[in-house]
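The next block is coords-v8.cif, given as mmCIF, C-alpha atoms.
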data_data
#
loop_
_atom_site.label_atom_id
_atom_site.label_comp_id
_atom_site.auth_asym_id
_atom_site.auth_seq_id
_atom_site.Cartn_x
_atom_site.Cartn_y
_atom_site.Cartn_z
CA MET A 26 42.10 -32.21 -39.66
CA ARG A 27 40.38 -32.15 -43.05
CA TRP A 28 40.42 -29.10 -45.28
CA LYS A 29 36.78 -28.24 -44.56
CA SER A 30 37.28 -28.45 -40.82
CA ALA A 31 40.51 -26.47 -41.13
CA LEU A 32 38.67 -23.81 -43.10
CA SER A 33 35.94 -23.59 -40.49
CA TYR A 34 38.57 -23.50 -37.75
CA TYR A 35 40.48 -20.53 -39.20
CA MET A 36 37.59 -18.68 -40.82
CA PRO A 37 36.45 -16.75 -37.69
CA ALA A 38 39.93 -15.35 -37.03
CA THR A 39 40.34 -14.48 -40.72
CA LEU A 40 37.03 -12.62 -40.77
CA VAL A 41 37.97 -10.68 -37.64
CA ILE A 42 41.30 -9.61 -39.15
CA VAL A 43 39.63 -8.54 -42.41
CA ALA A 44 36.95 -6.63 -40.48
CA LEU A 45 39.58 -4.81 -38.43
CA LEU A 46 41.47 -3.82 -41.57
CA VAL A 47 38.28 -2.51 -43.18
CA LEU A 48 37.38 -0.52 -40.06
CA TRP A 49 40.91 0.86 -39.93
CA GLN A 50 40.73 1.96 -43.56
CA LEU A 51 37.31 3.56 -43.09
CA ALA A 52 38.33 5.34 -39.89
CA VAL A 53 41.41 6.89 -41.51
CA ASP A 54 39.46 7.97 -44.61
CA LEU A 55 36.38 9.32 -42.84
CA LEU A 56 38.25 11.09 -40.05
CA HIS A 57 40.88 12.45 -42.44
CA VAL A 58 43.75 11.26 -40.26
CA LYS A 59 47.12 12.51 -41.47
CA GLU A 60 49.36 9.88 -43.03
CA TYR A 61 52.33 10.57 -40.79
CA ILE A 62 50.15 9.96 -37.70
CA LEU A 63 48.22 6.86 -38.78
CA PRO A 64 48.39 5.64 -42.37
CA SER A 65 45.66 3.48 -43.82
CA PRO A 66 46.33 -0.20 -44.52
CA TRP A 67 46.35 0.57 -48.24
CA SER A 68 48.99 3.28 -47.77
CA ALA A 69 51.10 0.88 -45.75
CA LEU A 70 50.86 -1.75 -48.48
CA LYS A 71 51.84 0.78 -51.13
CA ALA A 72 54.97 1.57 -49.10
CA LEU A 73 56.20 -1.93 -49.94
CA ASP A 74 56.73 -0.71 -53.49
CA ARG A 75 59.45 1.72 -52.42
CA PRO A 76 62.81 0.28 -53.55
CA THR A 77 64.84 2.57 -51.29
CA TYR A 78 64.01 0.42 -48.27
CA ARG A 79 65.28 -2.82 -49.87
CA TRP A 80 62.26 -4.77 -48.70
CA PRO A 81 63.38 -8.22 -49.97
CA ALA A 82 66.80 -7.97 -48.32
CA ASN A 83 65.37 -6.67 -45.04
CA PHE A 84 62.63 -9.30 -44.96
CA LEU A 85 65.01 -12.17 -45.69
CA THR A 86 67.41 -10.96 -43.00
CA THR A 87 64.61 -11.01 -40.43
CA LEU A 88 63.35 -14.36 -41.73
CA TYR A 89 66.76 -16.01 -41.30
CA ALA A 90 67.13 -14.56 -37.79
CA VAL A 91 63.65 -15.75 -36.78
CA LEU A 92 64.15 -19.25 -38.16
CA GLY A 93 67.57 -19.49 -36.54
CA ALA A 94 66.21 -18.41 -33.16
CA PHE A 95 63.21 -20.73 -33.48
CA VAL A 96 65.25 -23.82 -34.35
CA LEU A 97 68.04 -23.13 -31.86
CA SER A 98 65.71 -22.41 -28.93
CA ALA A 99 63.61 -25.48 -29.75
CA ILE A 100 66.61 -27.82 -29.88
CA LEU A 101 68.27 -26.42 -26.76
CA GLY A 102 64.99 -26.18 -24.85
CA ILE A 103 63.90 -29.75 -25.55
CA ALA A 104 67.38 -31.15 -24.88
CA LEU A 105 67.74 -29.35 -21.56
CA ALA A 106 64.22 -30.34 -20.49
CA ILE A 107 65.05 -33.99 -21.15
CA LEU A 108 68.20 -33.69 -19.03
CA ILE A 109 66.26 -32.00 -16.23
CA VAL A 110 63.62 -34.74 -16.12
CA TRP A 111 66.17 -37.52 -16.60
CA HIS A 112 68.36 -36.29 -13.74
CA ARG A 113 66.25 -34.80 -10.96
CA LEU A 114 69.28 -33.14 -9.39
CA LEU A 115 69.45 -30.83 -12.40
CA LEU A 116 65.91 -29.67 -11.66
CA ARG A 117 67.10 -28.22 -8.36
CA THR A 118 70.38 -26.85 -9.71
CA ILE A 119 69.77 -25.63 -13.26
CA MET A 120 66.15 -24.47 -13.07
CA PRO A 121 66.83 -21.67 -10.54
CA VAL A 122 69.63 -20.42 -12.80
CA LEU A 123 67.26 -20.45 -15.79
CA VAL A 124 64.63 -18.54 -13.83
CA LEU A 125 67.24 -15.98 -12.79
CA PHE A 126 68.44 -15.61 -16.38
CA ASN A 127 64.87 -15.27 -17.65
CA THR A 128 64.28 -12.28 -15.36
CA LEU A 129 67.06 -10.33 -17.07
CA PRO A 130 65.92 -7.84 -19.72
CA LYS A 131 67.27 -9.41 -22.89
CA ILE A 132 67.76 -6.09 -24.65
CA ALA A 133 70.27 -5.21 -21.93
CA LEU A 134 72.32 -8.23 -23.03
CA ALA A 135 72.43 -7.08 -26.65
CA PRO A 136 75.64 -5.01 -26.25
CA LEU A 137 77.39 -8.08 -24.84
CA PHE A 138 76.27 -10.26 -27.75
CA ILE A 139 77.48 -7.60 -30.19
CA LEU A 140 80.83 -7.50 -28.38
CA TRP A 141 81.18 -11.28 -28.46
CA LEU A 142 79.69 -12.01 -31.90
CA GLY A 143 80.09 -8.74 -33.78
CA TYR A 144 77.48 -7.08 -35.93
CA GLY A 145 75.42 -9.27 -38.21
CA ILE A 146 72.73 -11.87 -37.95
CA TRP A 147 74.17 -13.96 -35.10
CA PRO A 148 73.47 -11.47 -32.28
CA ASN A 149 69.85 -11.33 -33.47
CA ILE A 150 69.59 -15.12 -33.47
CA VAL A 151 71.09 -15.35 -29.99
CA ILE A 152 68.81 -12.64 -28.58
CA GLY A 153 65.80 -14.38 -30.12
CA THR A 154 66.96 -17.68 -28.66
CA THR A 155 67.34 -16.26 -25.16
CA ILE A 156 63.80 -14.86 -25.29
CA ALA A 157 62.13 -18.00 -26.67
CA PHE A 158 64.27 -20.56 -24.84
CA PHE A 159 62.74 -20.53 -21.33
CA PRO A 160 59.09 -21.30 -22.26
CA MET A 161 60.34 -24.18 -24.39
CA VAL A 162 62.22 -25.70 -21.45
CA VAL A 163 59.33 -25.29 -19.01
CA ASN A 164 56.63 -26.67 -21.31
CA THR A 165 58.70 -29.68 -22.34
CA ALA A 166 59.77 -30.47 -18.77
CA ILE A 167 56.18 -30.30 -17.53
CA GLY A 168 55.05 -32.60 -20.32
CA LEU A 169 57.78 -35.16 -19.68
CA ALA A 170 57.08 -35.16 -15.95
CA SER A 171 53.28 -35.37 -16.27
CA ALA A 172 53.02 -39.01 -17.30
CA GLU A 173 50.51 -40.83 -15.10
CA PRO A 174 52.22 -42.67 -12.21
CA GLU A 175 49.98 -45.73 -12.67
CA ILE A 176 51.15 -46.18 -16.26
CA LEU A 177 54.78 -45.70 -15.25
CA ASP A 178 54.42 -48.30 -12.49
CA LEU A 179 52.79 -50.70 -14.93
CA VAL A 180 55.52 -50.54 -17.58
CA ARG A 181 58.22 -50.72 -14.91
CA SER A 182 56.59 -53.87 -13.52
CA LEU A 183 56.95 -55.30 -17.01
CA ARG A 184 60.70 -54.60 -16.72
CA ALA A 185 60.79 -51.81 -19.25
CA THR A 186 64.11 -50.01 -19.35
CA ARG A 187 64.42 -46.34 -18.50
CA TRP A 188 64.91 -45.55 -22.18
CA GLN A 189 61.80 -47.54 -23.13
CA VAL A 190 59.76 -45.67 -20.52
CA PHE A 191 60.97 -42.39 -21.96
CA ALA A 192 60.46 -43.31 -25.62
CA LYS A 193 57.10 -45.06 -25.25
CA ILE A 194 55.46 -43.15 -22.38
CA ARG A 195 57.07 -39.88 -21.39
CA PHE A 196 57.91 -38.40 -24.79
CA PRO A 197 54.56 -39.17 -26.50
CA ASN A 198 52.79 -37.81 -23.42
CA ALA A 199 54.88 -34.62 -23.67
CA LEU A 200 54.14 -33.92 -27.34
CA PRO A 201 51.11 -31.65 -26.68
CA TYR A 202 53.23 -29.67 -24.21
CA ILE A 203 56.13 -29.51 -26.65
CA PHE A 204 53.90 -28.14 -29.39
CA ALA A 205 52.42 -25.64 -26.95
CA GLY A 206 55.97 -24.51 -26.29
CA LEU A 207 56.71 -24.37 -30.02
CA LYS A 208 53.68 -22.14 -30.56
CA LEU A 209 55.01 -19.74 -27.94
CA ASN A 210 58.44 -20.13 -29.46
CA ALA A 211 57.12 -19.15 -32.90
CA THR A 212 55.90 -15.76 -31.71
CA MET A 213 58.69 -15.07 -29.23
CA SER A 214 61.40 -15.84 -31.79
CA VAL A 215 59.96 -13.10 -33.99
CA THR A 216 59.93 -10.70 -31.05
CA GLY A 217 63.50 -11.59 -30.11
CA ALA A 218 64.83 -11.21 -33.63
CA ILE A 219 63.22 -7.78 -34.00
CA VAL A 220 64.58 -6.67 -30.63
CA GLY A 221 68.02 -7.75 -31.78
CA GLU A 222 67.67 -5.82 -35.02
CA PHE A 223 66.76 -2.68 -33.10
CA VAL A 224 70.22 -2.55 -31.59
CA ALA A 225 72.51 -4.96 -33.44
CA SER A 226 71.80 -4.82 -37.14
CA GLU A 227 71.88 -2.57 -40.15
CA LEU A 228 69.52 -4.85 -42.08
CA GLY A 229 66.20 -6.40 -41.16
CA LEU A 230 62.69 -5.17 -40.53
CA GLY A 231 63.60 -4.04 -37.03
CA ALA A 232 66.42 -1.87 -38.34
CA LEU A 233 64.10 -0.57 -41.06
CA ILE A 234 61.56 0.50 -38.42
CA ILE A 235 64.25 2.50 -36.64
CA SER A 236 65.42 4.24 -39.81
CA ALA A 237 61.84 4.92 -40.98
CA GLY A 238 60.98 6.38 -37.59
CA VAL A 239 63.81 8.88 -37.85
CA THR A 240 62.42 10.22 -41.14
CA LEU A 241 58.75 9.96 -40.02
CA GLU A 242 58.00 7.38 -42.71
CA THR A 243 55.00 6.02 -40.81
CA GLN A 244 53.74 4.07 -43.81
CA SER A 245 56.98 2.10 -43.94
CA ILE A 246 56.80 1.44 -40.20
CA PHE A 247 53.31 -0.04 -40.53
CA ALA A 248 54.33 -1.98 -43.63
CA SER A 249 57.17 -3.50 -41.60
CA LEU A 250 54.78 -4.32 -38.77
CA MET A 251 52.45 -6.05 -41.23
CA LEU A 252 55.30 -8.18 -42.58
CA ILE A 253 56.44 -9.03 -39.05
CA SER A 254 52.90 -10.07 -38.11
CA LEU A 255 52.56 -12.21 -41.23
CA LEU A 256 55.91 -13.84 -40.50
CA GLY A 257 54.89 -14.73 -36.96
CA LEU A 258 51.49 -15.96 -38.13
CA ALA A 259 53.04 -18.12 -40.85
CA LEU A 260 55.52 -19.71 -38.43
CA TYR A 261 52.74 -20.33 -35.91
CA GLY A 262 50.63 -21.90 -38.65
CA LEU A 263 53.47 -24.24 -39.62
CA VAL A 264 53.71 -25.41 -36.01
CA VAL A 265 49.94 -26.04 -35.93
CA LEU A 266 50.19 -27.95 -39.21
CA ALA A 267 53.04 -30.08 -37.86
CA GLU A 268 51.01 -30.78 -34.72
CA GLN A 269 48.13 -32.08 -36.84
CA PHE A 270 50.41 -34.76 -38.28
CA VAL A 271 52.55 -35.57 -35.23
CA ALA A 272 50.10 -35.20 -32.33
CA PRO A 273 46.54 -34.90 -33.70
CA TRP A 274 45.06 -36.03 -30.37
CA ALA A 275 46.35 -32.85 -28.75
CA GLN A 276 44.19 -30.67 -31.01
CA ARG A 277 41.17 -32.88 -30.38
CA GLU A 278 41.66 -32.37 -26.65
CA ASP A 279 41.91 -28.60 -27.17
CA ALA A 280 38.70 -28.62 -29.21
CA GLN A 281 36.87 -30.52 -26.48
CA THR A 282 38.03 -28.09 -23.79
#

Mind turning this structure into structure tokens?
Amino acid sequence: MRWKSALSYYMPATLVIVALLVLWQLAVDLLHVKEYILPSPWSALKALDRPTYRWPANFLTTLYAVLGAFVLSAILGIALAILIVWHRLLLRTIMPVLVLFNTLPKIALAPLFILWLGYGIWPNIVIGTTIAFFPMVVNTAIGLASAEPEILDLVRSLRATRWQVFAKIRFPNALPYIFAGLKLNATMSVTGAIVGEFVASELGLGALIISAGVTLETQSIFASLMLISLLGLALYGLVVLAEQFVAPWAQREDAQT
């Protein structure tokens, strides 16, 4: 995707976000909404200048937790999906267990992770991984299993090995599905890391939201939410950028549909 086409692709969403921020600012100013109820975007941005909240340290803590959850869930999800497709027996044995685990409220598991791993960044990474892991497995498994039977029969008739079928047919065919899973992973890793920080951390934007809520520092809460949104958007954008280089045909198919 060239820069001009990329600009035209992202411009509508950018304009919508800017318009919403302007409307938000105008609504707060014209309706004289109290700051502790709903601060304006400008007030929220000014809250980032308060050194008492240690913004750099809190942001970096959340960033490390998000990246850790993103990478770990991607590696584990893709690896398990390959095993499931490679050995069909695992599809009938492991997948029901994964579905059962996915139904559990992950925040209820947080005390266990704290007990096993202690306080710090690792419980947040693990909670984020458990939230983002399942969509990664499902998307990758569907992609690996969706290769056209005619093509598989053709390459097998040419005596291609099982590994060659996987490397040349199944995995390239699964790339659009993998990147779809990574896009979900990008947003869900942020959600998981913040959930972990709500209960298992003294640092991070999630922990900052809790402490700011106790003192009714609404501006700091919205400033944290803005940073969290930007973090998720940046990670999502990196996945889209990687997809443009690795699987550009997937984006062309999306544009046509």

Of the listed residues A:Ser254, A:Ser65, A:Gln269, A:Ser226, that which approaches A:Thr86 most closely, counting only C-alpha atoms: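 Answer, going by the shortest atom-to-atom distance: A:Ser226.
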
Give as a list in words the residues that the PyMOL selection byres ((chain A and resi 114-126) around 12) matches when applied to the coordinates above.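 With the shown file as input, the PyMOL selection byres ((chain A and resi 114-126) around 12) matches Gly102, Leu105, Ala106, Ile107, Leu108, Ile109, Val110, Trp111, His112, Arg113, Asn127, Thr128, Leu129, Pro130, Lys131, Ala133, Leu134, Thr155, Ile156, Phe158, Phe159, Pro160, Met161, Val162, Val163, Ala166, Ile167 and Ala170 of chain A.
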
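Of the residues under consideration (A:Val239, A:Leu252, A:Val224, A:Ile103), A:Val224 shows the shortest atom-to-atom contact distance to A:Pro148 when counting all atoms listed in the file.
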
Identify, on the basis of all atoms listed in the file, every residue whose closest approach to A:Tyr261 does not exceed 12 Å; exclude the query and any residue fewer than 4 positions from it along the same chain; express the result as a PDB file with C-alpha atoms, in the frame of the given file.
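Wrote out17.pdb, looks like this:
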ATOM      1  CA  VAL A  91      63.650 -15.750 -36.780  1.00  0.00           C
ATOM      2  CA  LEU A  92      64.150 -19.250 -38.160  1.00  0.00           C
ATOM      3  CA  PHE A  95      63.210 -20.730 -33.480  1.00  0.00           C
ATOM      4  CA  PHE A 204      53.900 -28.140 -29.390  1.00  0.00           C
ATOM      5  CA  ALA A 205      52.420 -25.640 -26.950  1.00  0.00           C
ATOM      6  CA  GLY A 206      55.970 -24.510 -26.290  1.00  0.00           C
ATOM      7  CA  LEU A 207      56.710 -24.370 -30.020  1.00  0.00           C
ATOM      8  CA  LYS A 208      53.680 -22.140 -30.560  1.00  0.00           C
ATOM      9  CA  LEU A 209      55.010 -19.740 -27.940  1.00  0.00           C
ATOM     10  CA  ASN A 210      58.440 -20.130 -29.460  1.00  0.00           C
ATOM     11  CA  ALA A 211      57.120 -19.150 -32.900  1.00  0.00           C
ATOM     12  CA  THR A 212      55.900 -15.760 -31.710  1.00  0.00           C
ATOM     13  CA  MET A 213      58.690 -15.070 -29.230  1.00  0.00           C
ATOM     14  CA  SER A 214      61.400 -15.840 -31.790  1.00  0.00           C
ATOM     15  CA  VAL A 215      59.960 -13.100 -33.990  1.00  0.00           C
ATOM     16  CA  SER A 254      52.900 -10.070 -38.110  1.00  0.00           C
ATOM     17  CA  LEU A 255      52.560 -12.210 -41.230  1.00  0.00           C
ATOM     18  CA  LEU A 256      55.910 -13.840 -40.500  1.00  0.00           C
ATOM     19  CA  GLY A 257      54.890 -14.730 -36.960  1.00  0.00           C
ATOM     20  CA  VAL A 265      49.940 -26.040 -35.930  1.00  0.00           C
ATOM     21  CA  LEU A 266      50.190 -27.950 -39.210  1.00  0.00           C
ATOM     22  CA  ALA A 267      53.040 -30.080 -37.860  1.00  0.00           C
ATOM     23  CA  GLU A 268      51.010 -30.780 -34.720  1.00  0.00           C
TER      24      GLU A 268
END

Nearest residue to A:Ala232 out of A:Ala72, A:Leu46, A:Ala218, A:Leu101, using all atoms listed in the file?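 Checking each candidate against A:Ala232, we get A:Ala218 as the closest.
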
Smallest atom-to-atom distance to A:Trp67: which of A:Ala157, A:Leu169, A:Phe247, A:Ile176, using all atoms listed in the file? A:Phe247

Given the file shown, determine the residues that the PyMOL selection byres ((chain A and resi 182-195) around 9) selects; report them as a list of chain:residue names.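 Output of the PyMOL selection byres ((chain A and resi 182-195) around 9): A:Trp111, A:Gly168, A:Leu169, A:Ala170, A:Ser171, A:Ala172, A:Ile176, A:Leu177, A:Asp178, A:Leu179, A:Val180, A:Arg181, A:Phe196, A:Pro197, A:Asn198, A:Ala199, A:Leu200.
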
At what distance in Å, to one decimal, does atom CA of A:Leu228 lie from atom CA of A:Ala259?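 Interatomic distance here is 21.2 Å.
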
List every protein, DNA or RNA residue that has an atom no more than 10 Å from (70.8, -5.9, -32.5) in the file's coordinate frame, counting all atoms listed in the file, and report them as a VMD selection string. chain A and resid 132 134 to 136 138 to 139 143 to 152 217 to 229 231 to 232

For the selection just defined, write its residues with C-alpha atoms to a file, as a PDB file, keeping the file's coordinate frame.
ATOM      1  CA  ILE A 132      67.760  -6.090 -24.650  1.00  0.00           C
ATOM      2  CA  LEU A 134      72.320  -8.230 -23.030  1.00  0.00           C
ATOM      3  CA  ALA A 135      72.430  -7.080 -26.650  1.00  0.00           C
ATOM      4  CA  PRO A 136      75.640  -5.010 -26.250  1.00  0.00           C
ATOM      5  CA  PHE A 138      76.270 -10.260 -27.750  1.00  0.00           C
ATOM      6  CA  ILE A 139      77.480  -7.600 -30.190  1.00  0.00           C
ATOM      7  CA  GLY A 143      80.090  -8.740 -33.780  1.00  0.00           C
ATOM      8  CA  TYR A 144      77.480  -7.080 -35.930  1.00  0.00           C
ATOM      9  CA  GLY A 145      75.420  -9.270 -38.210  1.00  0.00           C
ATOM     10  CA  ILE A 146      72.730 -11.870 -37.950  1.00  0.00           C
ATOM     11  CA  TRP A 147      74.170 -13.960 -35.100  1.00  0.00           C
ATOM     12  CA  PRO A 148      73.470 -11.470 -32.280  1.00  0.00           C
ATOM     13  CA  ASN A 149      69.850 -11.330 -33.470  1.00  0.00           C
ATOM     14  CA  ILE A 150      69.590 -15.120 -33.470  1.00  0.00           C
ATOM     15  CA  VAL A 151      71.090 -15.350 -29.990  1.00  0.00           C
ATOM     16  CA  ILE A 152      68.810 -12.640 -28.580  1.00  0.00           C
ATOM     17  CA  GLY A 217      63.500 -11.590 -30.110  1.00  0.00           C
ATOM     18  CA  ALA A 218      64.830 -11.210 -33.630  1.00  0.00           C
ATOM     19  CA  ILE A 219      63.220  -7.780 -34.000  1.00  0.00           C
ATOM     20  CA  VAL A 220      64.580  -6.670 -30.630  1.00  0.00           C
ATOM     21  CA  GLY A 221      68.020  -7.750 -31.780  1.00  0.00           C
ATOM     22  CA  GLU A 222      67.670  -5.820 -35.020  1.00  0.00           C
ATOM     23  CA  PHE A 223      66.760  -2.680 -33.100  1.00  0.00           C
ATOM     24  CA  VAL A 224      70.220  -2.550 -31.590  1.00  0.00           C
ATOM     25  CA  ALA A 225      72.510  -4.960 -33.440  1.00  0.00           C
ATOM     26  CA  SER A 226      71.800  -4.820 -37.140  1.00  0.00           C
ATOM     27  CA  GLU A 227      71.880  -2.570 -40.150  1.00  0.00           C
ATOM     28  CA  LEU A 228      69.520  -4.850 -42.080  1.00  0.00           C
ATOM     29  CA  GLY A 229      66.200  -6.400 -41.160  1.00  0.00           C
ATOM     30  CA  GLY A 231      63.600  -4.040 -37.030  1.00  0.00           C
ATOM     31  CA  ALA A 232      66.420  -1.870 -38.340  1.00  0.00           C
TER      32      ALA A 232
END

Quick one: apply the PyMOL selection byres ((chain A and resi 80) around 10) to the file and drop the selected residues here as a list in words.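 On the file shown, the PyMOL selection byres ((chain A and resi 80) around 10) covers Ala72, Leu73, Asp74, Arg75, Pro76, Thr77, Tyr78, Arg79, Pro81, Ala82, Asn83, Phe84, Leu85, Thr86, Leu228, Gly229, Leu230, Leu233, Ser245, Ala248, Ser249 and Leu252 of chain A.
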
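Using only C-alpha atoms, the shortest contact distance between A:Glu242 and any of A:Tyr202, A:Tyr89, A:Phe270, A:Tyr61 is found at A:Tyr61.
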
Given all atoms listed in the file as the counted atoms, nearest of A:Thr87, A:Ser68, A:Thr154, A:Gln50 to A:Ala99: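 Checking each candidate against A:Ala99, we get A:Thr154 as the closest.
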
Box in all listed atoms of stretch 186-202 of chain A, axis-aligned, with 5 Å more on each side; write out centre and edge lengths in Å to one decimal as JSON.
{"center_x": 58.0, "center_y": -39.8, "center_z": -22.9, "size_x": 23.8, "size_y": 30.3, "size_z": 18.8}

Do you have the atom CA of A:Leu88-atom CA of A:Val271 distance handy?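 Between these atoms lies a distance of 24.7 Å.
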
Atom pair atom CA of A:Val47 + atom CA of A:Ile62, distance 18.1 Å
